[in-house]
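Visitor: Have a look at the structure that comes next, please.
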2 protein chains.
Amino acid sequence: VNGREAARTYVEKHYREVLDEFVDLLKIPNIAANREDLWRNARVLLDMLAKRGVAAEILEAGGAPFVIGSLDAAQAEGTLLVYAHYDGQPVDPERWTGSHPFEPVLRDASLGDGGAVIPIPVVERPSGDWRLYARSASDDKAPIVAMLAALDALKAEDIPLAYNLRFIFEGEEEAGSPNLQEVLKQHGTKLAADAVLVADGPVFLTGEPTLYFGARGITTLEITVYGARNPLHSGHYGNWAPNPAMMLAKLLSSMKDSNGRVQVAGFYDGVVPLSPLERTYLERIPAVEAQLMEDLWIGQPETSARLVESINLPSLNVRGMNSGWVGDQARTIIPDSATASLDLRLVHGIDPTVQEERVINHIRQNGYRVVEEEPDATTRVESPKLALVMRGKGYPAYRSPVALPLCRRMVESMEGSFERVVVLPTLGGSVPLYLFHKVLGVDPIIGVPIVNPDNNQHSPNENLRLGNFFSGIEIFAVLFSAKNH
Amino acid sequence: VNGREAARTYVEKHYREVLDEFVDLLKIPNIAANREDLWRNARVLLDMLAKRGVAAEILEAGGAPFVIGSLDAAQAEGTLLVYAHYDGQPVDPERWTGSHPFEPVLRDASLGDGGAVIPIPVVERPSGDWRLYARSASDDKAPIVAMLAALDALKAEDIPLAYNLRFIFEGEEEAGSPNLQEVLKQHGTKLAADAVLVADGPVFLTGEPTLYFGARGITTLEITVYGARNPLHSGHYGNWAPNPAMMLAKLLSSMKDSNGRVQVAGFYDGVVPLSPLERTYLERIPAVEAQLMEDLWIGQPETSARLVESINLPSLNVRGMNSGWVGDQARTIIPDSATASLDLRLVHGIDPTVQEERVINHIRQNGYRVVEEEPDATTRVESPKLALVMRGKGYPAYRSPVALPLCRRMVESMEGSFERVVVLPTLGGSVPLYLFHKVLGVDPIIGVPIVNPDNNQHSPNENLRLGNFFSGIEIFAVLFSAKNH
């Protein structure tokens with residue numbers, strides 16, 4: 001038997017235990033606001049690792065604890081460091097449908113498809129279309145449970161590990177990983193590896209097994225432009241007093257052309273072009289655009305480029321925009337300010353600060369005086385056009401060279417076990433892959449996502465499609481096991 | 001003595017009674033939500049009118065009651081119908097500073113200038129800079145109390161009325177005057193007049209006595225443009241999925257040029273130009289722009305035209321704009337929709353529906369399919385660019401010919417009594433003057449505002465500057481009294 005078969009057999013026999021362990025972990029709330037909850041998660045993870053013979057420990061680094069572990073192979077071809085995170089995004093229980101974020105509920109289909117509740121523990125082999133609803137069901141507890149089940153599956157079939165494994169589970173990824181760098185620095189010896197597997201993010205939109213060798217970085221800018229000191233009566237002042245909503249609309253509008261091409265000077269400068277092998281991988285990915293448009297009710301994409309091409313470019317996204325009031329709250333005023341929040345996704349070769357500066361220069365070129373703190377009355381009176389720009393904390397993209405032997409090896413393992421494998425040079429989402437490379441000096445950094453793309457990550461009704469979960473166990477079993485199995 | 005002197009003398013002697021009557025009226029809540037409160041107001045107003053010998057009655061018309069009254073002059077030059085409203089905008093008591101909207105508080109200066117509380121009843125002649133804080137202190141109970149005090153003042157000095165007076169006090173102006181038209185129709189005989197005085201709105205920004213002979217109309221449009229069916233992860237879909245915030249920014253941006261000129265085709269068509277006399281009045285109004293810019297922290301107006309010129313043009317104002325989330329709530333998504341709420345102020349000659357259509361046509365010309373109801377999935381998938389446009393209830397502007405004898409007469413009376421009088425062909429704000437003309441066939445409709453422009457109308461901390469209140473009593477005494485007094 002090979003790794004995939006071992007995983008299948010194991011799930012066939014032990015689906016109930018695997019799900020029970022998963023559900024127990026999901027019941028432990030994992031929101032940054034509650035430190036004690038994060039500690040409870042960490043202690044359970046420590047036990048889960050220990051149960052598999054992994055030498056595990058908890059590291060304190062100022063924030064939520066890190067759980068690390070070490071499991072050596074009898075005959076190792078090398079060492080893999082596997083990263084995942086156990087914390088989740090904040091929850092708004094009232095916006096969840098029919099269940100609570102920390103009281104997992106299993107359904108026989110997605111909520112959108114009218115899924116009915118299935119009691120837990122389950123009494124029959126789950127169908128792949130069943131969904132488990134809970135915070136972090138996908139992001140990012142699923143890979144943790146899946147990779148440990150993969151160890152069980154390999155052990156059950158006496159399939160040896162091909163690599164020594166090192167584990168690092170973080171509890172503050174959703175808070176921007178403030179201590180990850182320091183932990184990697186301080187515990188570099190324990191975490192030393194030939195490659196890092198980052199177990200986070202969804203598989204590609206086709207739902208097929210996916211590897212990614214890079215991820216976009218990200219930074220954010222919040223832009224506020226000003227009108228009068230307070231909202232003004234739109235009748236008495238309208239058409240004379242400046243309208244910051246209109247000013248902001250003009251400013252944002254100037255940032256992109258009608259084909260989605262960013263018009264900020266230098267915005268694409270420094271982008272490292274894709275290599276021929278990376279292009280080959282991209283070209284193998286089936287077209288998803290038509291189906292996506294239908295599924296997502298999209299009448300027209302922003303660009304005529306393919307989605308997977310777009311993802312290899314830096315982006316400028318208006319994630320939020322606010323001024324005055326709309327709907328029932330609307331009142332006939334000229335707003336006193338207007339704010340837009342932008343996220344800038346970065347690709348390999350683009351520095352976060354440089355990209356922020358380009359956008360800030362663009363704002364200046366549009367006639368704005370740019371300040372970085374709330375302006376006072378004098379500044380407002382003296383500046384014909386004034387913008388407050390607040391920079392978020394960003395981090396760069398990273399992309400490993402796909403031609404590295406370990407990259408090719410991983411792709412071959414996957415392609416040897418699955419019908420089709422999607423290889424992404426760059427994941428669209430942002431994962432701080434660069435840190436592992438920067439601090440540990442490791443290359444490649446390989447993304448191993450397993451969850452369904454429609455998992456409602458970061459939103460109410462986060463869910464995991466069980467088919468993806470079981471497939472995830474197979475994926476880890478394949479990647480961890482020796483080539484000839 | 002003339003009317004102004006009579007009013008001064010009266011206030012000098014009776015300021016305490018006048019203020020007490022005012023404060024008692026302000027203590028009666030007047031929010032649309034509470035019908036019984038509106039009835040309490042109406043009954044008190046009935047008594048207040050009766051006390052002055054006005055034959056008054058309450059009219060029921062389906063909503064809040066109307067209070068009407070009639071007082072004939074011994075030797076009338078004609079009949080004036082005086083309109084005011086006694087209802088107020090909703091209140092948010094928590095946002096009021098140091099007092100409750102329906103527990104009036106007197107201060108020796110504005111809150112902004114650190115005004116200290118002065119006990120009521122007052123024991124000394126109030127200074128003009130004192131302010132009375134309460135809902136409807138300015139909008140619109142002040143003119144009611146002032147015009148009745150003016151009757152008292154004229155009577156005290158035996159100055160005859162120059163006109164028969166008819167009164168109509170409405171209790172649902174802030175709710176859009178749903179029954180005013182019907183009441184005017186049904187009771188046209190009782191309300192018949194040679195001119196209507198509308199006692200609402202603030203005096204011009206210079207604070208000087210003001211008459212207006214027209215007011216802008218208004219209509220509103222709420223525009224929603226669509227992206228995907230729900231917010232999408234900005235990493236996985238960013239740069240490919242359409243961003244409705246950016247689409248809306250482009251659409252709004254196309255509506256005005258950088259000098260504030262509306263670019264919607266035909267937007268200014270049909271505007272009735274100002275007559276030479278109206279131009280003369282405009283030119284007499286002192287420049288307020290530089291002072292306004294300083295007071296309101298405005299770095300640069302939207303237009304280089306004068307404020308009073310701008311007000312005689314139709315306007316397009318983005319009163320609110322919303323998409324996704326900003327600030328602490330920001331999340332890295334591509335919003336699923338973006339909404340802007342526009343108000344369109346109308347001037348004489350522009351029909352509300354026609355103006356709405358022009359904007360809607362502009363949206364179409366920008367490639368949008370326009371729908372008037374929430375679109376379904378099919379509509380969204382089938383429309384490359386899709387906008388939901390909801391029309392508000394609008395009403396037209398009206399402008400009386402300032403050359404009419406009664407207009408000239410009123411301006412002369414005012415100019416004979418006050419150092420400088422501001423005559424506005426059009427008030428910037430919207431008041432349904434057109435209704436009086438349309439239903440009663442009366443011309444002129446004359447606006448007689450008395451309250452301070454910085455009264456926080458419709459907002460927390462609404463207030464009345466007592467100097468304006470006392471001056472308001474003088475204004476009504478002047479307008480009501482015979483020319484030779």
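FYI, nothing fancy with the structure tokens labels: chains A, B, ... in order, residues from 1 per chain, ligands from 1 as they appear.
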Would you kindly return, as a ChimeraX atom specification, each protein, DNA or RNA residue with an atom no farther than 9 Å from any atom of Ile58 (chain A), considering only C-alpha atoms and excluding same-chain residues fewer than 5 positions away?

Guide: /A:42-43,46,65-69

Visitor: What lies within 10 Å of Leu277 (chain A) using only C-alpha atoms, ignoring chain neighbours under 3 positions off, as a ChimeraX atom specification?

Guide: /A:274,280-283,401-403,425

Visitor: Quick one: write out the picked residues with N, CA, C and O atoms as a PDB file, in the first residue's frame?

Guide:
```pdb
ATOM      1  N   LEU A 274       7.632  35.031 -13.780  1.00  0.00           N
ATOM      2  CA  LEU A 274       7.537  33.587 -13.562  1.00  0.00           C
ATOM      3  C   LEU A 274       8.549  32.871 -14.453  1.00  0.00           C
ATOM      4  O   LEU A 274       8.806  33.282 -15.588  1.00  0.00           O
ATOM      5  N   THR A 280       4.678  26.615 -16.835  1.00  0.00           N
ATOM      6  CA  THR A 280       4.143  25.299 -17.206  1.00  0.00           C
ATOM      7  C   THR A 280       3.099  24.853 -16.180  1.00  0.00           C
ATOM      8  O   THR A 280       2.017  24.377 -16.533  1.00  0.00           O
ATOM      9  N   TYR A 281       3.448  24.989 -14.913  1.00  0.00           N
ATOM     10  CA  TYR A 281       2.490  24.613 -13.870  1.00  0.00           C
ATOM     11  C   TYR A 281       1.194  25.410 -14.015  1.00  0.00           C
ATOM     12  O   TYR A 281       0.093  24.867 -13.926  1.00  0.00           O
ATOM     13  N   LEU A 282       1.349  26.726 -14.243  1.00  0.00           N
ATOM     14  CA  LEU A 282       0.157  27.584 -14.383  1.00  0.00           C
ATOM     15  C   LEU A 282      -0.724  27.122 -15.525  1.00  0.00           C
ATOM     16  O   LEU A 282      -1.951  27.083 -15.418  1.00  0.00           O
ATOM     17  N   GLU A 283      -0.046  26.777 -16.640  1.00  0.00           N
ATOM     18  CA  GLU A 283      -0.824  26.426 -17.828  1.00  0.00           C
ATOM     19  C   GLU A 283      -1.592  25.113 -17.670  1.00  0.00           C
ATOM     20  O   GLU A 283      -2.586  24.874 -18.348  1.00  0.00           O
ATOM     21  N   PRO A 401      11.983  28.731  -5.409  1.00  0.00           N
ATOM     22  CA  PRO A 401      12.248  28.284  -6.794  1.00  0.00           C
ATOM     23  C   PRO A 401      11.683  26.872  -6.983  1.00  0.00           C
ATOM     24  O   PRO A 401      12.100  25.946  -6.295  1.00  0.00           O
ATOM     25  N   VAL A 402      10.748  26.741  -7.898  1.00  0.00           N
ATOM     26  CA  VAL A 402      10.080  25.442  -8.057  1.00  0.00           C
ATOM     27  C   VAL A 402      11.001  24.375  -8.635  1.00  0.00           C
ATOM     28  O   VAL A 402      10.671  23.188  -8.619  1.00  0.00           O
ATOM     29  N   ALA A 403      12.163  24.813  -9.121  1.00  0.00           N
ATOM     30  CA  ALA A 403      13.082  23.836  -9.693  1.00  0.00           C
ATOM     31  C   ALA A 403      13.917  23.132  -8.626  1.00  0.00           C
ATOM     32  O   ALA A 403      14.634  22.167  -8.918  1.00  0.00           O
ATOM     33  N   PRO A 425       2.541  28.665  -8.300  1.00  0.00           N
ATOM     34  CA  PRO A 425       3.762  29.387  -7.927  1.00  0.00           C
ATOM     35  C   PRO A 425       3.489  30.316  -6.743  1.00  0.00           C
ATOM     36  O   PRO A 425       4.332  30.480  -5.869  1.00  0.00           O
TER      37      PRO A 425
END
```

Visitor: Skip Val1 (chain A) itself and residues of its chain fewer than 3 positions away, then list as a PDB file with N, CA and C atoms, in the first residue's frame all residues within 12 Å of it, counting only C-alpha atoms.

Guide:
```
ATOM      1  N   ARG A   4      -1.430   7.103   0.279  1.00  0.00           N
ATOM      2  CA  ARG A   4      -2.829   7.452   0.059  1.00  0.00           C
ATOM      3  C   ARG A   4      -3.761   6.299   0.450  1.00  0.00           C
ATOM      4  N   GLU A   5      -3.361   5.081   0.026  1.00  0.00           N
ATOM      5  CA  GLU A   5      -4.193   3.912   0.354  1.00  0.00           C
ATOM      6  C   GLU A   5      -4.255   3.692   1.864  1.00  0.00           C
ATOM      7  N   ALA A   6      -3.116   3.875   2.516  1.00  0.00           N
ATOM      8  CA  ALA A   6      -3.071   3.710   3.973  1.00  0.00           C
ATOM      9  C   ALA A   6      -4.060   4.668   4.639  1.00  0.00           C
ATOM     10  N   ALA A   7      -4.073   5.900   4.156  1.00  0.00           N
ATOM     11  CA  ALA A   7      -4.962   6.913   4.740  1.00  0.00           C
ATOM     12  C   ALA A   7      -6.425   6.528   4.516  1.00  0.00           C
ATOM     13  N   ARG A   8      -6.703   6.070   3.310  1.00  0.00           N
ATOM     14  CA  ARG A   8      -8.080   5.666   2.997  1.00  0.00           C
ATOM     15  C   ARG A   8      -8.557   4.545   3.911  1.00  0.00           C
ATOM     16  N   THR A   9      -7.717   3.543   4.035  1.00  0.00           N
ATOM     17  CA  THR A   9      -8.067   2.392   4.876  1.00  0.00           C
ATOM     18  C   THR A   9      -8.284   2.839   6.316  1.00  0.00           C
ATOM     19  N   TYR A  10      -7.397   3.711   6.771  1.00  0.00           N
ATOM     20  CA  TYR A  10      -7.488   4.166   8.159  1.00  0.00           C
ATOM     21  C   TYR A  10      -8.799   4.912   8.412  1.00  0.00           C
ATOM     22  N   ALA A 153      -2.292   6.712  10.316  1.00  0.00           N
ATOM     23  CA  ALA A 153      -2.573   5.853   9.161  1.00  0.00           C
ATOM     24  C   ALA A 153      -1.298   5.162   8.670  1.00  0.00           C
ATOM     25  N   LEU A 154      -0.210   5.921   8.606  1.00  0.00           N
ATOM     26  CA  LEU A 154       1.055   5.336   8.144  1.00  0.00           C
ATOM     27  C   LEU A 154       1.527   4.270   9.130  1.00  0.00           C
ATOM     28  N   ALA A 156      -0.325   2.510  11.119  1.00  0.00           N
ATOM     29  CA  ALA A 156      -1.206   1.338  11.054  1.00  0.00           C
ATOM     30  C   ALA A 156      -0.800   0.385   9.944  1.00  0.00           C
ATOM     31  N   GLU A 157      -0.227   0.936   8.876  1.00  0.00           N
ATOM     32  CA  GLU A 157       0.183   0.104   7.738  1.00  0.00           C
ATOM     33  C   GLU A 157       1.689  -0.124   7.716  1.00  0.00           C
ATOM     34  N   ASP A 158       2.353   0.265   8.812  1.00  0.00           N
ATOM     35  CA  ASP A 158       3.813   0.092   8.892  1.00  0.00           C
ATOM     36  C   ASP A 158       4.562   0.779   7.755  1.00  0.00           C
ATOM     37  N   ILE A 159       4.042   1.893   7.291  1.00  0.00           N
ATOM     38  CA  ILE A 159       4.752   2.640   6.249  1.00  0.00           C
ATOM     39  C   ILE A 159       5.706   3.612   6.934  1.00  0.00           C
ATOM     40  N   PRO A 160       6.988   3.528   6.636  1.00  0.00           N
ATOM     41  CA  PRO A 160       7.933   4.416   7.339  1.00  0.00           C
ATOM     42  C   PRO A 160       7.826   5.859   6.870  1.00  0.00           C
ATOM     43  N   SER A 417       0.195  10.047  -6.808  1.00  0.00           N
ATOM     44  CA  SER A 417      -0.908   9.522  -5.988  1.00  0.00           C
ATOM     45  C   SER A 417      -2.266  10.070  -6.364  1.00  0.00           C
ATOM     46  N   ALA A 477      -0.327  11.949   4.331  1.00  0.00           N
ATOM     47  CA  ALA A 477       0.243  10.593   4.326  1.00  0.00           C
ATOM     48  C   ALA A 477       1.180  10.422   3.128  1.00  0.00           C
ATOM     49  N   VAL A 478       0.785  10.958   1.988  1.00  0.00           N
ATOM     50  CA  VAL A 478       1.627  10.870   0.784  1.00  0.00           C
ATOM     51  C   VAL A 478       2.923  11.655   0.969  1.00  0.00           C
ATOM     52  N   SER A 481       5.366  10.110   3.598  1.00  0.00           N
ATOM     53  CA  SER A 481       5.846   8.724   3.442  1.00  0.00           C
ATOM     54  C   SER A 481       6.905   8.624   2.349  1.00  0.00           C
ATOM     55  N   ALA A 482       7.655   7.534   2.432  1.00  0.00           N
ATOM     56  CA  ALA A 482       8.748   7.357   1.476  1.00  0.00           C
ATOM     57  C   ALA A 482       8.192   7.181   0.072  1.00  0.00           C
ATOM     58  N   LYS A 483       9.037   7.561  -0.910  1.00  0.00           N
ATOM     59  CA  LYS A 483       8.609   7.603  -2.304  1.00  0.00           C
ATOM     60  C   LYS A 483       8.054   6.270  -2.814  1.00  0.00           C
ATOM     61  N   ASN A 484       8.739   5.198  -2.389  1.00  0.00           N
ATOM     62  CA  ASN A 484       8.371   3.913  -2.972  1.00  0.00           C
ATOM     63  C   ASN A 484       7.175   3.254  -2.294  1.00  0.00           C
ATOM     64  N   HIS A 485       6.519   3.967  -1.436  1.00  0.00           N
ATOM     65  CA  HIS A 485       5.317   3.386  -0.842  1.00  0.00           C
ATOM     66  C   HIS A 485       4.080   3.981  -1.479  1.00  0.00           C
TER      67      HIS A 485
END
```

Visitor: I want to know what sits within 8 Å of region 20-32 of chain A, based on only C-alpha atoms, with residues of the same chain fewer than 4 positions away left out; could you give that as a list in words?

Guide: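 Residues meeting the cut-off are Arg16, Asp37, Leu38, Arg40, Asn41, Val44, Ala64, Tyr86, Asp87, Gly88, Gln89, Pro90, Val91, Phe102, Glu103, Pro104, Ile120, Pro121, Ala134, Arg135, Ser136, Ala137, Lys141, Ala142, Val145, Glu172, Glu174 and Ala175 of chain A.
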
Visitor: Write the residues of the preceding selection, restricted to N, CA, C and O atoms, as a compact mmCIF listing (two decimals), in the first residue's frame.

Guide:
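Result written to again.txt:
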```txt
# COMPACT_ATOMS: atom_id res chain seq x y z
N ARG A 16 -14.77 7.61 13.03
CA ARG A 16 -15.44 8.13 14.22
C ARG A 16 -14.44 8.73 15.22
O ARG A 16 -14.62 9.85 15.71
N ASP A 37 -8.14 30.43 26.97
CA ASP A 37 -8.62 29.49 25.95
C ASP A 37 -7.48 29.02 25.05
O ASP A 37 -7.42 27.85 24.66
N LEU A 38 -6.61 29.95 24.69
CA LEU A 38 -5.51 29.57 23.80
C LEU A 38 -4.59 28.57 24.52
O LEU A 38 -4.10 27.61 23.92
N ARG A 40 -5.59 26.44 26.73
CA ARG A 40 -6.30 25.14 26.74
C ARG A 40 -6.07 24.42 25.41
O ARG A 40 -5.81 23.22 25.38
N ASN A 41 -6.13 25.18 24.31
CA ASN A 41 -5.85 24.59 23.01
C ASN A 41 -4.44 24.00 22.98
O ASN A 41 -4.22 22.88 22.51
N VAL A 44 -4.04 20.74 24.85
CA VAL A 44 -4.65 19.61 24.14
C VAL A 44 -3.78 19.19 22.95
O VAL A 44 -3.58 18.00 22.69
N ALA A 64 0.34 34.22 22.75
CA ALA A 64 -0.21 32.88 22.88
C ALA A 64 0.93 31.86 22.76
O ALA A 64 1.90 32.09 22.04
N TYR A 86 -3.46 27.32 15.44
CA TYR A 86 -4.65 26.82 16.12
C TYR A 86 -5.59 27.93 16.57
O TYR A 86 -6.67 27.67 17.11
N ASP A 87 -5.21 29.18 16.41
CA ASP A 87 -6.10 30.29 16.79
C ASP A 87 -7.05 30.60 15.64
O ASP A 87 -6.80 30.22 14.49
N GLY A 88 -8.15 31.26 15.97
CA GLY A 88 -9.15 31.58 14.95
C GLY A 88 -9.50 33.05 14.94
O GLY A 88 -9.18 33.79 15.86
N GLN A 89 -10.18 33.46 13.89
CA GLN A 89 -10.66 34.83 13.78
C GLN A 89 -11.79 35.07 14.79
O GLN A 89 -12.49 34.13 15.16
N PRO A 90 -11.97 36.32 15.21
CA PRO A 90 -13.09 36.64 16.10
C PRO A 90 -14.41 36.13 15.53
O PRO A 90 -14.55 35.97 14.32
N VAL A 91 -15.37 35.91 16.42
CA VAL A 91 -16.66 35.38 15.98
C VAL A 91 -17.79 36.33 16.36
O VAL A 91 -17.67 37.10 17.30
N PHE A 102 -18.48 27.62 18.53
CA PHE A 102 -17.68 26.67 19.30
C PHE A 102 -18.49 25.46 19.77
O PHE A 102 -18.12 24.77 20.70
N GLU A 103 -19.61 25.26 19.10
CA GLU A 103 -20.37 24.02 19.30
C GLU A 103 -20.56 23.39 17.92
O GLU A 103 -21.55 23.63 17.24
N PRO A 104 -19.53 22.62 17.50
CA PRO A 104 -19.50 22.12 16.12
C PRO A 104 -20.77 21.36 15.77
O PRO A 104 -21.31 20.61 16.58
N ILE A 120 -23.58 13.92 16.30
CA ILE A 120 -22.20 13.54 16.58
C ILE A 120 -22.23 12.85 17.94
O ILE A 120 -22.87 13.37 18.85
N PRO A 121 -21.55 11.74 18.18
CA PRO A 121 -20.69 11.03 17.22
C PRO A 121 -21.50 10.42 16.08
O PRO A 121 -22.65 10.02 16.26
N ALA A 134 -17.93 25.11 12.32
CA ALA A 134 -17.35 25.61 13.57
C ALA A 134 -16.24 26.60 13.21
O ALA A 134 -15.66 26.51 12.12
N ARG A 135 -15.96 27.52 14.11
CA ARG A 135 -14.80 28.39 13.91
C ARG A 135 -13.54 27.51 13.89
O ARG A 135 -13.40 26.62 14.71
N SER A 136 -12.70 27.75 12.91
CA SER A 136 -11.43 27.03 12.71
C SER A 136 -11.61 25.61 12.21
O SER A 136 -10.63 24.86 12.14
N ALA A 137 -12.83 25.25 11.87
CA ALA A 137 -13.03 23.93 11.27
C ALA A 137 -12.12 23.81 10.04
O ALA A 137 -11.55 22.75 9.77
N LYS A 141 -7.54 24.44 12.14
CA LYS A 141 -7.39 23.23 12.94
C LYS A 141 -7.48 21.96 12.09
O LYS A 141 -6.93 20.92 12.47
N ALA A 142 -8.16 22.05 10.93
CA ALA A 142 -8.32 20.86 10.08
C ALA A 142 -6.97 20.23 9.71
O ALA A 142 -6.78 19.02 9.86
N VAL A 145 -5.35 18.27 12.66
CA VAL A 145 -5.96 16.95 12.92
C VAL A 145 -5.64 15.99 11.78
O VAL A 145 -5.36 14.81 11.99
N GLU A 172 -1.24 32.64 17.34
CA GLU A 172 -1.53 34.06 17.12
C GLU A 172 -1.32 34.45 15.67
O GLU A 172 -0.95 35.58 15.38
N GLU A 174 -3.75 34.77 13.47
CA GLU A 174 -4.80 35.72 13.10
C GLU A 174 -4.53 37.10 13.69
O GLU A 174 -5.17 38.08 13.31
N ALA A 175 -3.61 37.17 14.62
CA ALA A 175 -3.22 38.46 15.19
C ALA A 175 -1.97 39.00 14.51
O ALA A 175 -1.34 39.93 14.98
```

Visitor: Got a sec: who's within 6 Å of Ser315 (chain B), counting only C-alpha atoms, leaving out chain neighbours fewer than 3 positions off, as a list in words?

Guide: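 Non-adjacent residues within range: Asn239 of chain A; Leu344 and Arg345 of chain B.
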
Visitor: Show which residues sit within 10 Å of Gly394 (chain B), as JSON, numbers by chain. Count only C-alpha atoms, and ignore same-chain residues fewer than 2 positions away.

Guide: {"B": [176, 217, 218, 219, 220, 221, 343, 344, 345, 346, 351, 352, 353, 356, 391, 392, 396, 397, 432]}

Visitor: Where does DSSP see strand (DSSP E or B) in region 266-398 of chain B, if you list the residues as a ChimeraX atom specification?

Guide: /B:315-324,333-334,337-346,369-371,386-391,395,398

Visitor: Have a look at CA of Thr206 (chain B) and CA of Gly447 (chain B) and let me know their distance in Å, one decimal.

Guide: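 For CA of Thr206 (chain B) relative to CA of Gly447 (chain B), the distance reads 16.7 Å.
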